[in-house]
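Quick look at work.pdb (PDB, C-alpha atoms):
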ATOM      1  CA  MET A 113       0.169  32.884 -75.295
ATOM      2  CA  LEU A 114      -2.023  29.846 -75.800
ATOM      3  CA  VAL A 115      -5.710  29.535 -76.551
ATOM      4  CA  PHE A 116      -7.410  26.401 -75.188
ATOM      5  CA  VAL A 117     -10.288  24.785 -77.075
ATOM      6  CA  SER A 118     -12.218  21.633 -76.282
ATOM      7  CA  HIS A 119     -14.166  19.534 -78.748
ATOM      8  CA  GLY A 120     -15.676  16.244 -77.754
ATOM      9  CA  ASN A 121     -13.387  14.638 -75.207
ATOM     10  CA  LEU A 122     -10.207  16.375 -76.396
ATOM     11  CA  LEU A 123      -8.584  19.577 -75.204
ATOM     12  CA  LYS A 124      -6.194  21.412 -77.514
ATOM     13  CA  ALA A 125      -3.885  24.392 -77.160
ATOM     14  CA  PHE A 126      -3.355  26.729 -80.082
ATOM     15  CA  ALA A 127      -0.381  29.080 -80.417
ATOM     16  CA  LYS A 128      -0.393  32.569 -81.919
ATOM     17  CA  ASN A 129       0.241  31.176 -85.372
ATOM     18  CA  LYS A 130      -3.043  29.219 -85.150
ATOM     19  CA  GLU A 131      -1.228  25.916 -84.978
ATOM     20  CA  VAL A 132      -2.149  23.166 -82.500
ATOM     21  CA  VAL A 133       0.823  22.865 -80.163
ATOM     22  CA  HIS A 134      -0.646  20.576 -77.483
ATOM     23  CA  THR A 135      -3.364  17.927 -77.348
ATOM     24  CA  TYR A 136      -4.632  16.603 -74.036
ATOM     25  CA  SER A 137      -6.489  13.297 -74.132
ATOM     26  CA  GLY A 138      -7.775  11.444 -71.105
ATOM     27  CA  HIS A 139     -11.451  12.278 -70.797
ATOM     28  CA  GLU A 140     -13.990   9.650 -71.795
ATOM     29  CA  ALA A 141     -16.903  12.122 -71.887
ATOM     30  CA  GLU A 142     -17.341  15.490 -73.563
ATOM     31  CA  ILE A 143     -15.456  18.383 -71.957
ATOM     32  CA  HIS A 144     -17.697  21.283 -70.929
ATOM     33  CA  LEU A 145     -15.469  23.490 -68.741
ATOM     34  CA  VAL A 146     -11.873  24.684 -69.222
ATOM     35  CA  LEU A 147      -9.738  26.893 -66.970
ATOM     36  CA  PRO A 148      -6.131  27.949 -67.671
ATOM     37  CA  PHE A 149      -4.297  27.834 -64.326
ATOM     38  CA  GLY A 150      -0.645  28.942 -64.383
ATOM     39  CA  ASP A 151       1.491  26.090 -65.728
ATOM     40  CA  HIS A 152      -1.626  23.925 -65.807
ATOM     41  CA  VAL A 153      -4.991  23.805 -67.516
ATOM     42  CA  ILE A 154      -8.074  22.302 -65.896
ATOM     43  CA  SER A 155     -10.820  20.502 -67.808
ATOM     44  CA  VAL A 156     -14.127  19.113 -66.552
ATOM     45  CA  ASP A 157     -16.239  16.641 -68.509
ATOM     46  CA  THR A 158     -19.935  15.781 -68.485
ATOM     47  CA  ASP A 159     -19.245  12.627 -66.428
ATOM     48  CA  ASN A 160     -18.097  14.990 -63.638
ATOM     49  CA  ASN A 161     -14.398  14.150 -63.976
ATOM     50  CA  MET A 162     -11.899  16.968 -63.525
ATOM     51  CA  ILE A 163      -8.374  16.662 -64.895
ATOM     52  CA  ILE A 164      -5.550  19.079 -64.202
ATOM     53  CA  TRP A 165      -2.964  18.945 -66.984
ATOM     54  CA  ASP A 166       0.629  20.109 -67.128
ATOM     55  CA  VAL A 167       0.493  22.477 -70.102
ATOM     56  CA  GLU A 168       3.935  21.699 -71.545
ATOM     57  CA  SER A 169       4.237  17.940 -70.934
ATOM     58  CA  GLU A 170       0.513  17.235 -71.648
ATOM     59  CA  GLU A 171       0.552  14.837 -68.682
ATOM     60  CA  GLU A 172      -2.136  14.554 -66.034
ATOM     61  CA  TYR A 173      -1.138  16.307 -62.826
ATOM     62  CA  LEU A 174      -4.295  15.324 -60.958
ATOM     63  CA  GLN A 175      -7.606  13.655 -61.747
ATOM     64  CA  MET A 176     -10.689  13.912 -59.533
ATOM     65  CA  ASN A 177     -14.157  12.431 -59.874
ATOM     66  CA  PHE A 178     -17.172  13.965 -58.161
ATOM     67  CA  ASP A 179     -20.390  12.140 -57.247
ATOM     68  CA  ARG A 180     -23.060  13.705 -59.470
ATOM     69  CA  SER A 181     -25.840  13.049 -56.965
ATOM     70  CA  TYR A 182     -24.163  15.416 -54.469
ATOM     71  CA  PHE A 183     -21.990  17.776 -56.518
ATOM     72  CA  THR A 184     -22.276  18.179 -60.290
ATOM     73  CA  ILE A 185     -19.664  20.715 -61.431
ATOM     74  CA  SER A 186     -21.285  23.567 -63.356
ATOM     75  CA  ALA A 187     -18.737  26.401 -63.000
ATOM     76  CA  ILE A 188     -15.056  26.839 -62.180
ATOM     77  CA  MET A 189     -12.747  29.754 -61.386
ATOM     78  CA  HIS A 190      -9.394  30.600 -59.831
ATOM     79  CA  PRO A 191      -9.519  33.468 -57.311
ATOM     80  CA  SER A 192      -6.520  35.579 -58.335
ATOM     81  CA  THR A 193      -5.049  36.024 -54.845
ATOM     82  CA  TYR A 194      -5.549  32.416 -53.715
ATOM     83  CA  LEU A 195      -2.403  30.389 -54.422
ATOM     84  CA  ASN A 196      -3.152  26.873 -55.729
ATOM     85  CA  LYS A 197      -6.886  27.307 -55.129
ATOM     86  CA  ILE A 198      -9.948  26.914 -57.314
ATOM     87  CA  ILE A 199     -13.638  27.341 -56.608
ATOM     88  CA  LEU A 200     -16.119  24.898 -58.100
ATOM     89  CA  GLY A 201     -19.816  25.693 -58.428
ATOM     90  CA  SER A 202     -22.429  22.960 -58.654
ATOM     91  CA  GLN A 203     -25.841  22.345 -60.167
ATOM     92  CA  GLN A 204     -26.999  21.660 -56.613
ATOM     93  CA  GLY A 205     -26.072  25.235 -55.600
ATOM     94  CA  THR A 206     -23.137  24.528 -53.297
ATOM     95  CA  LEU A 207     -19.596  25.742 -53.918
ATOM     96  CA  GLN A 208     -16.308  24.090 -52.977
ATOM     97  CA  LEU A 209     -12.899  25.682 -52.412
ATOM     98  CA  TRP A 210     -10.074  23.269 -53.288
ATOM     99  CA  ASN A 211      -6.306  23.370 -52.939
ATOM    100  CA  VAL A 212      -5.267  21.571 -56.105
ATOM    101  CA  LYS A 213      -1.634  21.200 -55.051
ATOM    102  CA  SER A 214      -2.551  19.215 -51.932
ATOM    103  CA  ASN A 215      -5.781  17.789 -53.430
ATOM    104  CA  LYS A 216      -7.756  18.917 -50.367
ATOM    105  CA  LEU A 217     -11.240  20.307 -50.004
ATOM    106  CA  LEU A 218     -10.780  23.429 -47.869
ATOM    107  CA  TYR A 219     -14.323  24.697 -47.523
ATOM    108  CA  THR A 220     -17.861  24.047 -48.718
ATOM    109  CA  PHE A 221     -20.175  27.039 -49.160
ATOM    110  CA  LYS A 222     -23.872  26.270 -48.687
ATOM    111  CA  GLY A 223     -24.899  28.323 -51.698
ATOM    112  CA  TRP A 224     -28.436  29.303 -52.566
ATOM    113  CA  GLU A 225     -30.183  25.980 -53.297
ATOM    114  CA  THR A 226     -30.237  26.742 -57.023
ATOM    115  CA  GLY A 227     -27.629  25.772 -59.577
ATOM    116  CA  VAL A 228     -24.501  27.874 -60.016
ATOM    117  CA  THR A 229     -24.136  28.922 -63.657
ATOM    118  CA  VAL A 230     -21.175  31.329 -63.582
ATOM    119  CA  LEU A 231     -18.355  32.228 -61.193
ATOM    120  CA  GLN A 232     -16.588  35.520 -61.880
ATOM    121  CA  GLN A 233     -14.153  37.480 -59.727
ATOM    122  CA  VAL A 234     -14.498  41.251 -59.627
ATOM    123  CA  CYS A 235     -11.245  43.152 -59.165
ATOM    124  CA  LYS A 236     -11.437  46.667 -57.778
TER
END
This structure in structure tokens:
Amino acid sequence: MLVFVSHGNLLKAFAKNKEVVHTYSGHEAEIHLVLPFGDHVISVDTDNNMIIWDVESEEEYLQMNFDRSYFTISAIMHPSTYLNKIILGSQQGTLQLWNVKSNKLLYTFKGWETGVTVLQQVCK
């Protein structure tokens, strides 16, 4: 099991013995969102860049930049039954469903015209 921690523009993975086992560097701005995602970990910085990292190799799998005037990422989650999918929430209130394997936007939800602060799946 790994614990992911960001500080500044770096993302690090700690192992059970509290030792840093991986360091992911590639962001130019401060990281503000992190999401473990199977064999990957996703980080989003304050410049609105999202990087998907391969956990073991520490290499970038995918990097995406979003135009802040239309979609500033404020929340991120992986719906547990959606293979290769993530949902991004924005300060503008809209949500986007992405397939990160194919790098395709699948759907845009109109939202509520206020910023999204948290995305959380409820399992019954």
Check your understanding: If the PyMOL selection byres ((chain A and resi 209-220) around 10) is run on the structure shown, which residues does it catch, given as a ChimeraX atom specification?
Key -> /A:164,173-176,189-191,194-201,206-208,221-223
Point to revise | Expected answer as a list in words: all residues with atoms within 6 Å of (-0.4, 27.2, -76.1), all atoms listed in the file | key: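 Within the cut-off we find Met113, Leu114, Val115, Ala125, Phe126 and Ala127 of chain A.
Put simply, the PyMOL selection byres ((chain A and resi 179) around 12) on this file hits A:Thr158, A:Asp159, A:Asn160, A:Asn161, A:Met162, A:Met176, A:Asn177, A:Phe178, A:Arg180, A:Ser181, A:Tyr182, A:Phe183, A:Thr184, A:Ile185, A:Ser202, A:Gln203, A:Gln204.
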Quick one: 3 Å padding each side, axis-aligned, all listed atoms of segment 137-140 of chain A - centre and edge lengths in Å to one decimal, as JSON?
{"center_x": -10.2, "center_y": 11.5, "center_z": -72.5, "size_x": 13.5, "size_y": 9.6, "size_z": 9.3}
Point to revise | Straight-line distance linking atom CA of His144 of chain A with atom CA of Ser118 of chain A, stated in Å to one decimal | key: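 Atom CA of Ser118 of chain A lies 7.7 Å from atom CA of His144 of chain A.
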Point to revise | Straight-line distance linking atom CA of Ala187 of chain A with atom CA of Glu168 of chain A, stated in Å to one decimal | key: 24.7 Å
**Study point:** Ground truth for the PyMOL selection byres ((chain A and resi 143) around 12), written as an MDAnalysis selection string
**Key:** chainID A and resid 116:124 136:142 144:147 154:163 185:186
Since we have the selection now, will you write its residues out, keeping C-alpha atoms, as a compact mmCIF listing (two decimals), in the coordinates of the input?
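As a result, part23.txt now contains:
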# COMPACT_ATOMS: atom_id res chain seq x y z
CA PHE A 116 -7.41 26.40 -75.19
CA VAL A 117 -10.29 24.78 -77.08
CA SER A 118 -12.22 21.63 -76.28
CA HIS A 119 -14.17 19.53 -78.75
CA GLY A 120 -15.68 16.24 -77.75
CA ASN A 121 -13.39 14.64 -75.21
CA LEU A 122 -10.21 16.38 -76.40
CA LEU A 123 -8.58 19.58 -75.20
CA LYS A 124 -6.19 21.41 -77.51
CA TYR A 136 -4.63 16.60 -74.04
CA SER A 137 -6.49 13.30 -74.13
CA GLY A 138 -7.78 11.44 -71.10
CA HIS A 139 -11.45 12.28 -70.80
CA GLU A 140 -13.99 9.65 -71.80
CA ALA A 141 -16.90 12.12 -71.89
CA GLU A 142 -17.34 15.49 -73.56
CA HIS A 144 -17.70 21.28 -70.93
CA LEU A 145 -15.47 23.49 -68.74
CA VAL A 146 -11.87 24.68 -69.22
CA LEU A 147 -9.74 26.89 -66.97
CA ILE A 154 -8.07 22.30 -65.90
CA SER A 155 -10.82 20.50 -67.81
CA VAL A 156 -14.13 19.11 -66.55
CA ASP A 157 -16.24 16.64 -68.51
CA THR A 158 -19.93 15.78 -68.48
CA ASP A 159 -19.24 12.63 -66.43
CA ASN A 160 -18.10 14.99 -63.64
CA ASN A 161 -14.40 14.15 -63.98
CA MET A 162 -11.90 16.97 -63.52
CA ILE A 163 -8.37 16.66 -64.90
CA ILE A 185 -19.66 20.72 -61.43
CA SER A 186 -21.28 23.57 -63.36
Point to revise | Point-to-point distance from atom CA of Thr193 of chain A to atom CA of Trp224 of chain A, Å rounded to tenths | key: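 Pair atom CA of Thr193 of chain A / atom CA of Trp224 of chain A returns 24.4 Å.
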Point to revise | Selected residue of minimal separation from Gly227 of chain A among A:Gly205, A:Ser169, A:Gly150, A:Ser192, counting only C-alpha atoms | key: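 Among the listed residues, A:Gly205 lies closest to Gly227 of chain A.
If you measure from each of A:Leu231, A:Pro148, A:Val167, A:Lys236 to Thr135 of chain A using only C-alpha atoms, the closest one turns out to be A:Val167.
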